[in-house]
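Note: the block below is start-v4.pdb and it holds PDB, C-alpha atoms.
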MODEL        1
ATOM      1  CA  MET A 166      87.530 108.600  81.431  1.00  0.00           C
ATOM      2  CA  ALA A 167      86.287 107.260  78.116  1.00  0.00           C
ATOM      3  CA  GLU A 168      83.848 104.391  78.220  1.00  0.00           C
ATOM      4  CA  THR A 169      85.188 101.008  77.180  1.00  0.00           C
ATOM      5  CA  PRO A 170      83.934 100.113  73.667  1.00  0.00           C
ATOM      6  CA  ILE A 171      81.194  97.472  73.512  1.00  0.00           C
ATOM      7  CA  ARG A 172      83.410  95.041  71.603  1.00  0.00           C
ATOM      8  CA  ASP A 173      86.153  95.328  74.240  1.00  0.00           C
ATOM      9  CA  ARG A 174      83.627  94.800  77.027  1.00  0.00           C
ATOM     10  CA  LYS A 175      82.376  91.639  75.333  1.00  0.00           C
ATOM     11  CA  THR A 176      85.930  90.371  74.944  1.00  0.00           C
ATOM     12  CA  GLU A 177      86.657  91.046  78.613  1.00  0.00           C
ATOM     13  CA  ALA A 178      83.412  89.335  79.633  1.00  0.00           C
ATOM     14  CA  THR A 179      84.302  86.246  77.597  1.00  0.00           C
ATOM     15  CA  ARG A 180      87.774  86.095  79.120  1.00  0.00           C
ATOM     16  CA  THR A 181      86.343  86.441  82.631  1.00  0.00           C
ATOM     17  CA  ARG A 182      83.742  83.727  81.996  1.00  0.00           C
ATOM     18  CA  ILE A 183      86.377  81.299  80.735  1.00  0.00           C
ATOM     19  CA  ALA A 184      88.666  81.972  83.697  1.00  0.00           C
ATOM     20  CA  GLU A 185      85.921  81.657  86.302  1.00  0.00           C
ATOM     21  CA  THR A 186      84.552  78.513  84.665  1.00  0.00           C
ATOM     22  CA  GLY A 187      88.015  76.979  84.601  1.00  0.00           C
ATOM     23  CA  LEU A 188      88.549  77.736  88.274  1.00  0.00           C
ATOM     24  CA  LYS A 189      85.279  76.077  89.232  1.00  0.00           C
ATOM     25  CA  LEU A 190      86.198  72.964  87.274  1.00  0.00           C
ATOM     26  CA  PHE A 191      89.699  72.871  88.748  1.00  0.00           C
ATOM     27  CA  VAL A 192      88.243  72.980  92.245  1.00  0.00           C
ATOM     28  CA  GLY A 193      85.412  70.557  91.526  1.00  0.00           C
ATOM     29  CA  GLN A 194      87.206  67.795  89.649  1.00  0.00           C
ATOM     30  CA  GLY A 195      90.911  68.555  89.962  1.00  0.00           C
ATOM     31  CA  TYR A 196      93.355  70.665  87.969  1.00  0.00           C
ATOM     32  CA  ALA A 197      95.086  67.806  86.177  1.00  0.00           C
ATOM     33  CA  GLN A 198      91.786  66.088  85.362  1.00  0.00           C
ATOM     34  CA  THR A 199      90.256  69.179  83.730  1.00  0.00           C
ATOM     35  CA  THR A 200      90.751  69.577  79.985  1.00  0.00           C
ATOM     36  CA  ILE A 201      90.578  72.669  77.790  1.00  0.00           C
ATOM     37  CA  ASP A 202      87.645  71.097  75.930  1.00  0.00           C
ATOM     38  CA  GLU A 203      85.721  70.748  79.181  1.00  0.00           C
ATOM     39  CA  ILE A 204      86.388  74.365  80.062  1.00  0.00           C
ATOM     40  CA  ALA A 205      85.286  75.522  76.608  1.00  0.00           C
ATOM     41  CA  ASP A 206      82.107  73.469  76.767  1.00  0.00           C
ATOM     42  CA  ALA A 207      81.180  74.648  80.261  1.00  0.00           C
ATOM     43  CA  ALA A 208      81.903  78.302  79.337  1.00  0.00           C
ATOM     44  CA  GLY A 209      79.839  78.048  76.167  1.00  0.00           C
ATOM     45  CA  VAL A 210      82.692  78.879  73.799  1.00  0.00           C
ATOM     46  CA  GLY A 211      84.838  77.030  71.279  1.00  0.00           C
ATOM     47  CA  ARG A 212      88.272  75.577  71.952  1.00  0.00           C
ATOM     48  CA  ARG A 213      89.833  78.240  69.704  1.00  0.00           C
ATOM     49  CA  THR A 214      88.251  80.981  71.782  1.00  0.00           C
ATOM     50  CA  VAL A 215      89.824  79.593  74.933  1.00  0.00           C
ATOM     51  CA  PHE A 216      93.264  79.584  73.317  1.00  0.00           C
ATOM     52  CA  ARG A 217      92.697  83.071  71.929  1.00  0.00           C
ATOM     53  CA  HIS A 218      92.612  84.294  75.513  1.00  0.00           C
ATOM     54  CA  PHE A 219      94.818  81.759  77.301  1.00  0.00           C
ATOM     55  CA  ALA A 220      97.890  79.912  76.075  1.00  0.00           C
ATOM     56  CA  THR A 221      97.799  77.325  78.880  1.00  0.00           C
ATOM     57  CA  LYS A 222      95.633  75.968  81.683  1.00  0.00           C
ATOM     58  CA  GLU A 223      98.002  77.640  84.134  1.00  0.00           C
ATOM     59  CA  ALA A 224      97.186  81.000  82.552  1.00  0.00           C
ATOM     60  CA  ILE A 225      93.503  80.358  83.259  1.00  0.00           C
ATOM     61  CA  LEU A 226      94.264  79.517  86.886  1.00  0.00           C
ATOM     62  CA  PHE A 227      96.170  82.764  87.492  1.00  0.00           C
ATOM     63  CA  ASP A 228      94.184  85.109  85.236  1.00  0.00           C
ATOM     64  CA  HIS A 229      92.807  87.138  88.145  1.00  0.00           C
ATOM     65  CA  PHE A 230      96.348  88.186  89.003  1.00  0.00           C
ATOM     66  CA  VAL A 231      97.128  89.085  85.385  1.00  0.00           C
ATOM     67  CA  VAL A 232      94.128  91.400  85.066  1.00  0.00           C
ATOM     68  CA  ARG A 233      95.024  93.202  88.271  1.00  0.00           C
ATOM     69  CA  ARG A 234      98.607  93.671  87.131  1.00  0.00           C
ATOM     70  CA  ASP A 235      97.476  95.191  83.834  1.00  0.00           C
ATOM     71  CA  HIS A 236      95.712  97.834  85.898  1.00  0.00           C
ATOM     72  CA  ALA A 237      98.932  98.440  87.859  1.00  0.00           C
ATOM     73  CA  VAL A 238     100.866  99.110  84.637  1.00  0.00           C
ATOM     74  CA  GLN A 239      98.344 101.767  83.665  1.00  0.00           C
ATOM     75  CA  ARG A 240      98.665 103.395  87.082  1.00  0.00           C
ATOM     76  CA  LEU A 241     102.436 103.456  86.701  1.00  0.00           C
ATOM     77  CA  ARG A 242     102.023 105.451  83.479  1.00  0.00           C
ATOM     78  CA  GLU A 243      99.971 107.984  85.430  1.00  0.00           C
ATOM     79  CA  ARG A 244     102.504 108.602  88.230  1.00  0.00           C
ATOM     80  CA  PRO A 245     104.172 112.075  88.383  1.00  0.00           C
ATOM     81  CA  MET A 246     106.825 112.603  85.703  1.00  0.00           C
ATOM     82  CA  GLU A 247     109.408 113.843  88.234  1.00  0.00           C
ATOM     83  CA  GLU A 248     108.999 110.891  90.608  1.00  0.00           C
ATOM     84  CA  PRO A 249     111.998 108.487  90.789  1.00  0.00           C
ATOM     85  CA  PRO A 250     111.221 105.147  89.098  1.00  0.00           C
ATOM     86  CA  LEU A 251     111.718 103.064  92.247  1.00  0.00           C
ATOM     87  CA  VAL A 252     109.379 105.309  94.227  1.00  0.00           C
ATOM     88  CA  SER A 253     106.725 104.961  91.513  1.00  0.00           C
ATOM     89  CA  LEU A 254     107.148 101.186  91.366  1.00  0.00           C
ATOM     90  CA  HIS A 255     106.888 100.807  95.126  1.00  0.00           C
ATOM     91  CA  ALA A 256     103.769 102.978  95.262  1.00  0.00           C
ATOM     92  CA  VAL A 257     102.020 101.112  92.435  1.00  0.00           C
ATOM     93  CA  LEU A 258     102.922  97.617  93.655  1.00  0.00           C
ATOM     94  CA  ARG A 259     101.969  98.417  97.237  1.00  0.00           C
ATOM     95  CA  GLU A 260      98.646  99.789  96.034  1.00  0.00           C
ATOM     96  CA  LEU A 261      98.106  96.553  94.127  1.00  0.00           C
ATOM     97  CA  CYS A 262      98.767  94.564  97.289  1.00  0.00           C
ATOM     98  CA  GLU A 263      96.649  96.875  99.433  1.00  0.00           C
ATOM     99  CA  GLU A 264      93.618  96.407  97.212  1.00  0.00           C
ATOM    100  CA  GLY A 265      94.069  92.658  97.472  1.00  0.00           C
ATOM    101  CA  TYR A 266      92.156  90.149  95.376  1.00  0.00           C
ATOM    102  CA  ASP A 267      88.637  88.851  95.062  1.00  0.00           C
ATOM    103  CA  ARG A 268      88.226  86.626  98.118  1.00  0.00           C
ATOM    104  CA  GLN A 269      86.155  83.964  96.383  1.00  0.00           C
ATOM    105  CA  LEU A 270      88.544  83.662  93.450  1.00  0.00           C
ATOM    106  CA  LEU A 271      91.537  83.686  95.788  1.00  0.00           C
ATOM    107  CA  ALA A 272      90.011  80.888  97.874  1.00  0.00           C
ATOM    108  CA  GLN A 273      89.506  78.802  94.731  1.00  0.00           C
ATOM    109  CA  ILE A 274      93.075  79.421  93.543  1.00  0.00           C
ATOM    110  CA  ARG A 275      94.427  78.447  96.949  1.00  0.00           C
ATOM    111  CA  THR A 276      92.355  75.254  96.912  1.00  0.00           C
ATOM    112  CA  VAL A 277      93.889  74.257  93.589  1.00  0.00           C
ATOM    113  CA  LEU A 278      97.416  75.129  94.736  1.00  0.00           C
ATOM    114  CA  ALA A 279      96.962  73.102  97.918  1.00  0.00           C
ATOM    115  CA  THR A 280      96.556  69.962  95.807  1.00  0.00           C
ATOM    116  CA  ASP A 281      99.249  70.900  93.266  1.00  0.00           C
ATOM    117  CA  PRO A 282     101.729  73.334  94.916  1.00  0.00           C
ATOM    118  CA  GLY A 283     104.236  72.993  92.075  1.00  0.00           C
ATOM    119  CA  LEU A 284     102.051  75.252  89.944  1.00  0.00           C
ATOM    120  CA  VAL A 285     102.806  78.343  91.971  1.00  0.00           C
ATOM    121  CA  GLY A 286     106.524  78.461  91.206  1.00  0.00           C
ATOM    122  CA  GLU A 287     106.631  78.115  87.430  1.00  0.00           C
ATOM    123  CA  GLU A 288     103.562  80.118  86.501  1.00  0.00           C
ATOM    124  CA  ILE A 289     104.223  83.001  88.878  1.00  0.00           C
ATOM    125  CA  ALA A 290     107.732  83.232  87.399  1.00  0.00           C
ATOM    126  CA  LEU A 291     106.192  83.565  83.915  1.00  0.00           C
ATOM    127  CA  LEU A 292     103.734  86.181  85.155  1.00  0.00           C
ATOM    128  CA  ILE A 293     106.552  88.168  86.706  1.00  0.00           C
ATOM    129  CA  GLN A 294     108.513  88.117  83.427  1.00  0.00           C
ATOM    130  CA  GLY A 295     105.598  89.540  81.457  1.00  0.00           C
ATOM    131  CA  PHE A 296     104.854  92.063  84.182  1.00  0.00           C
ATOM    132  CA  GLU A 297     108.514  93.157  84.170  1.00  0.00           C
ATOM    133  CA  ARG A 298     108.473  93.892  80.436  1.00  0.00           C
ATOM    134  CA  ASN A 299     105.299  95.945  80.693  1.00  0.00           C
ATOM    135  CA  LEU A 300     106.547  97.951  83.676  1.00  0.00           C
ATOM    136  CA  VAL A 301     109.876  98.775  82.021  1.00  0.00           C
ATOM    137  CA  VAL A 302     108.097  99.903  78.845  1.00  0.00           C
ATOM    138  CA  ALA A 303     105.761 102.074  80.926  1.00  0.00           C
ATOM    139  CA  LEU A 304     108.726 103.706  82.669  1.00  0.00           C
ATOM    140  CA  GLU A 305     110.543 104.272  79.375  1.00  0.00           C
ATOM    141  CA  ASP A 306     107.453 105.847  77.838  1.00  0.00           C
ATOM    142  CA  ARG A 307     107.088 108.125  80.838  1.00  0.00           C
ATOM    143  CA  ILE A 308     110.654 109.340  81.307  1.00  0.00           C
ATOM    144  CA  GLY A 309     112.148 108.710  77.867  1.00  0.00           C
ATOM    145  CA  LYS A 310     115.926 108.268  77.713  1.00  0.00           C
ATOM    146  CA  GLN A 311     116.682 110.231  80.870  1.00  0.00           C
ATOM    147  CA  GLN A 312     117.845 107.074  82.644  1.00  0.00           C
ATOM    148  CA  PRO A 313     119.698 104.031  81.227  1.00  0.00           C
ATOM    149  CA  GLN A 314     117.612 100.934  80.556  1.00  0.00           C
ATOM    150  CA  LEU A 315     119.937  98.929  82.797  1.00  0.00           C
ATOM    151  CA  GLU A 316     118.931 101.112  85.736  1.00  0.00           C
ATOM    152  CA  LEU A 317     115.240 100.870  84.888  1.00  0.00           C
ATOM    153  CA  ARG A 318     115.413  97.083  84.566  1.00  0.00           C
ATOM    154  CA  ALA A 319     117.438  96.765  87.759  1.00  0.00           C
ATOM    155  CA  VAL A 320     115.015  98.749  89.918  1.00  0.00           C
ATOM    156  CA  THR A 321     112.029  97.055  88.268  1.00  0.00           C
ATOM    157  CA  LEU A 322     113.409  93.591  88.973  1.00  0.00           C
ATOM    158  CA  MET A 323     114.167  94.564  92.559  1.00  0.00           C
ATOM    159  CA  ALA A 324     110.649  95.889  93.124  1.00  0.00           C
ATOM    160  CA  LEU A 325     109.138  92.808  91.490  1.00  0.00           C
ATOM    161  CA  SER A 326     111.202  90.549  93.729  1.00  0.00           C
ATOM    162  CA  TRP A 327     109.398  92.160  96.666  1.00  0.00           C
ATOM    163  CA  LEU A 328     106.022  91.442  95.086  1.00  0.00           C
ATOM    164  CA  ASP A 329     107.027  87.915  94.079  1.00  0.00           C
ATOM    165  CA  ALA A 330     108.180  87.007  97.593  1.00  0.00           C
ATOM    166  CA  ALA A 331     105.107  88.580  99.184  1.00  0.00           C
ATOM    167  CA  ALA A 332     102.725  86.774  96.801  1.00  0.00           C
ATOM    168  CA  ARG A 333     104.336  83.383  97.397  1.00  0.00           C
ATOM    169  CA  ILE A 334     104.205  83.805 101.180  1.00  0.00           C
ATOM    170  CA  TYR A 335     100.630  85.068 100.995  1.00  0.00           C
ATOM    171  CA  LEU A 336      99.413  82.221  98.785  1.00  0.00           C
ATOM    172  CA  MET A 337     101.275  79.298 100.294  1.00  0.00           C
ATOM    173  CA  GLU A 338     101.102  80.317 103.972  1.00  0.00           C
ATOM    174  CA  THR A 339      97.525  81.647 103.639  1.00  0.00           C
ATOM    175  CA  ARG A 340      98.438  84.913 105.317  1.00  0.00           C
ATOM    176  CA  PRO A 341      95.483  87.262 105.982  1.00  0.00           C
ATOM    177  CA  SER A 342      96.983  90.378 104.370  1.00  0.00           C
ATOM    178  CA  LEU A 343      98.973  90.662 101.148  1.00  0.00           C
ATOM    179  CA  VAL A 344      99.997  94.267 101.802  1.00  0.00           C
ATOM    180  CA  GLU A 345     101.376  93.325 105.228  1.00  0.00           C
ATOM    181  CA  CYS A 346     103.454  90.596 103.558  1.00  0.00           C
ATOM    182  CA  PHE A 347     104.659  93.145 101.005  1.00  0.00           C
ATOM    183  CA  ASP A 348     105.621  95.710 103.654  1.00  0.00           C
ATOM    184  CA  GLU A 349     107.434  93.047 105.659  1.00  0.00           C
ATOM    185  CA  VAL A 350     109.380  91.837 102.618  1.00  0.00           C
ATOM    186  CA  VAL A 351     110.367  95.375 101.546  1.00  0.00           C
ATOM    187  CA  SER A 352     111.493  96.312 105.064  1.00  0.00           C
ATOM    188  CA  THR A 353     113.498  93.112 105.437  1.00  0.00           C
ATOM    189  CA  CYS A 354     115.223  93.531 102.060  1.00  0.00           C
ATOM    190  CA  LEU A 355     116.104  97.187 102.585  1.00  0.00           C
ATOM    191  CA  ARG A 356     117.299  96.599 106.144  1.00  0.00           C
ATOM    192  CA  SER A 357     119.461  93.648 105.113  1.00  0.00           C
ATOM    193  CA  SER A 358     120.896  95.564 102.145  1.00  0.00           C
ATOM    194  CA  ALA A 359     121.849  98.550 104.272  1.00  0.00           C
ATOM    195  CA  ARG A 360     123.177  96.498 107.176  1.00  0.00           C
ATOM    196  CA  ASP A 361     124.851  93.544 105.485  1.00  0.00           C
ATOM    197  CA  LEU A 362     125.523  94.346 101.845  1.00  0.00           C
ATOM    198  CA  ALA A 363     126.234  98.078 101.616  1.00  0.00           C
ATOM    199  CA  PRO A 364     129.452  98.010 103.734  1.00  0.00           C
ATOM    200  CA  SER A 365     131.021  95.412 101.438  1.00  0.00           C
ATOM    201  CA  LEU A 366     130.258  97.193  98.154  1.00  0.00           C
ATOM    202  CA  PRO A 367     132.948  99.231  96.352  1.00  0.00           C
ATOM    203  CA  HIS A 368     132.562 102.937  97.090  1.00  0.00           C
ATOM    204  CA  ARG A 369     132.168 105.147  94.037  1.00  0.00           C
TER     205      ARG A 369
ENDMDL
END

Can you dump the structure from the file as structure tokens?
Amino acid sequence: MAETPIRDRKTEATRTRIAETGLKLFVGQGYAQTTIDEIADAAGVGRRTVFRHFATKEAILFDHFVVRRDHAVQRLRERPMEEPPLVSLHAVLRELCEEGYDRQLLAQIRTVLATDPGLVGEEIALLIQGFERNLVVALEDRIGKQQPQLELRAVTLMALSWLDAAARIYLMETRPSLVECFDEVVSTCLRSSARDLAPSLPHR
């Protein structure tokens, strides 16, 4: 694997510093009370630099999740060409859940969400939308036009609904294992679909 260029490493380091600094301020003085200027000052960068990396304060709060999901998209591109899209998506998303998240950062995020739980709904929805686009593009690049985009989007949205539900339960109920939440959600959805929904669908 090629080494990351120095410039890219510096950019990543700056982004990480801003995100970690923001989290510390959110925990220490409150999310609503923390301004972008304060984050920039504490991180040793300019206001423009903060906005170059993050469009909103919410993006700073959830950046750890974004970085991990970028890695998942790359892994999806590397799955076997002949593997069905849904199988690839399940494997990649479960691997993401199995690896979990940095415990210290997760604890800080949970602390912020405990005082402002409304943040989890809107921002996670935005993260899922961006993640969806990247996953669909990765699948299209891998398999070309062999399958209709409607099918790719449908299976991607279904797989992401598993991750979305698991992440919300994990964050808000402080469950000990994200992958266990994911497995439970997937099993429940598939069981309910086969038992309750499939018999009522038109047969083709």

query = What gap, in Å, lies between CA of Leu315 (chain A) and CA of Pro245 (chain A)?
reply =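 Distance between the two atoms: 21.3 Å.
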
ask   = Which residues fall under the PyMOL selection byres ((chain A and resi 186-200) around 7) in this file, as a ChimeraX atom specification?
value = /A:182-185,201-204,207-208,225-226,273,276-277

Output file for the residues above (C-alpha atoms, as a compact mmCIF listing (two decimals), keeping the file's coordinate frame):
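Final output, part00.txt:
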# COMPACT_ATOMS: atom_id res chain seq x y z
CA ARG A 182 83.74 83.73 82.00
CA ILE A 183 86.38 81.30 80.74
CA ALA A 184 88.67 81.97 83.70
CA GLU A 185 85.92 81.66 86.30
CA ILE A 201 90.58 72.67 77.79
CA ASP A 202 87.64 71.10 75.93
CA GLU A 203 85.72 70.75 79.18
CA ILE A 204 86.39 74.36 80.06
CA ALA A 207 81.18 74.65 80.26
CA ALA A 208 81.90 78.30 79.34
CA ILE A 225 93.50 80.36 83.26
CA LEU A 226 94.26 79.52 86.89
CA GLN A 273 89.51 78.80 94.73
CA THR A 276 92.36 75.25 96.91
CA VAL A 277 93.89 74.26 93.59

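As for CA of Phe347 (chain A) and CA of Asp281 (chain A), they are spaced 24.2 Å apart.
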
ask   = So what do you get for CA of Arg307 (chain A) versus CA of Glu345 (chain A), distance-wise?
value = 29.1 Å

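Closest approach to Glu263 (chain A) among A:Leu317, A:Leu355, A:Val344, A:Gly211 is made by A:Val344 (distances from all atoms listed in the file).
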
inquiry  = Applying the PyMOL selection byres ((chain A and resi 324) around 9) to the file I just gave you, which residues come out? Please list them as a list in words.
reply    =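 Selection result, ordered by chain and number: Leu251, Leu254, His255, Leu258, Ala319, Val320, Thr321, Leu322, Met323, Leu325, Ser326, Trp327, Leu328, Asp329 and Val351 of chain A.
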
key: Answer key for the PyMOL selection byres ((chain A and resi 302) around 12), residues as a ChimeraX atom specification   = /A:238-239,241-242,250,295-301,303-310,314,317-318,321

Please write out, as AutoDock Vina command-line options, where the centre of an axis-aligned box around all listed atoms of region 356-366 of chain A lies and how long its edges are, in Å to one decimal, after adding 3 Å on each side.
--center_x 124.2 --center_y 96.0 --center_z 102.7 --size_x 19.7 --size_y 11.0 --size_z 15.0

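Distances to Asp228 (chain A) were evaluated for A:Val350, A:Leu362, A:Ala279, A:Ile274 using only C-alpha atoms, and the minimum falls at A:Ile274.
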
If we count only C-alpha atoms, what is near Thr214 (chain A) at a cut-off of 10 Å, once residues fewer than 6 positions away on the same chain are taken out, given as a JSON list (two decimals) with C-alpha atoms, keeping the file's coordinate frame?
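Below is the file that was written, result_29.json:
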[["chain", "number", "residue", "atom", "x", "y", "z"],
["A", 179, "THR", "CA", 84.30, 86.25, 77.60],
["A", 180, "ARG", "CA", 87.77, 86.10, 79.12],
["A", 183, "ILE", "CA", 86.38, 81.30, 80.74],
["A", 205, "ALA", "CA", 85.29, 75.52, 76.61]]

task = Counting only C-alpha atoms, figure out which residue out of A:Gly265, A:Gln312, A:Leu278, A:Asp206 gets nearest to Pro249 (chain A).
result =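 Ranking A:Gly265, A:Gln312, A:Leu278, A:Asp206 by distance to Pro249 (chain A), first place goes to A:Gln312.
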
ask   = Between A:Leu366, A:Val231, A:Met246, A:Leu284, which has the minimum distance to Phe219 (chain A) (counting all atoms listed in the file)?
value = A:Val231
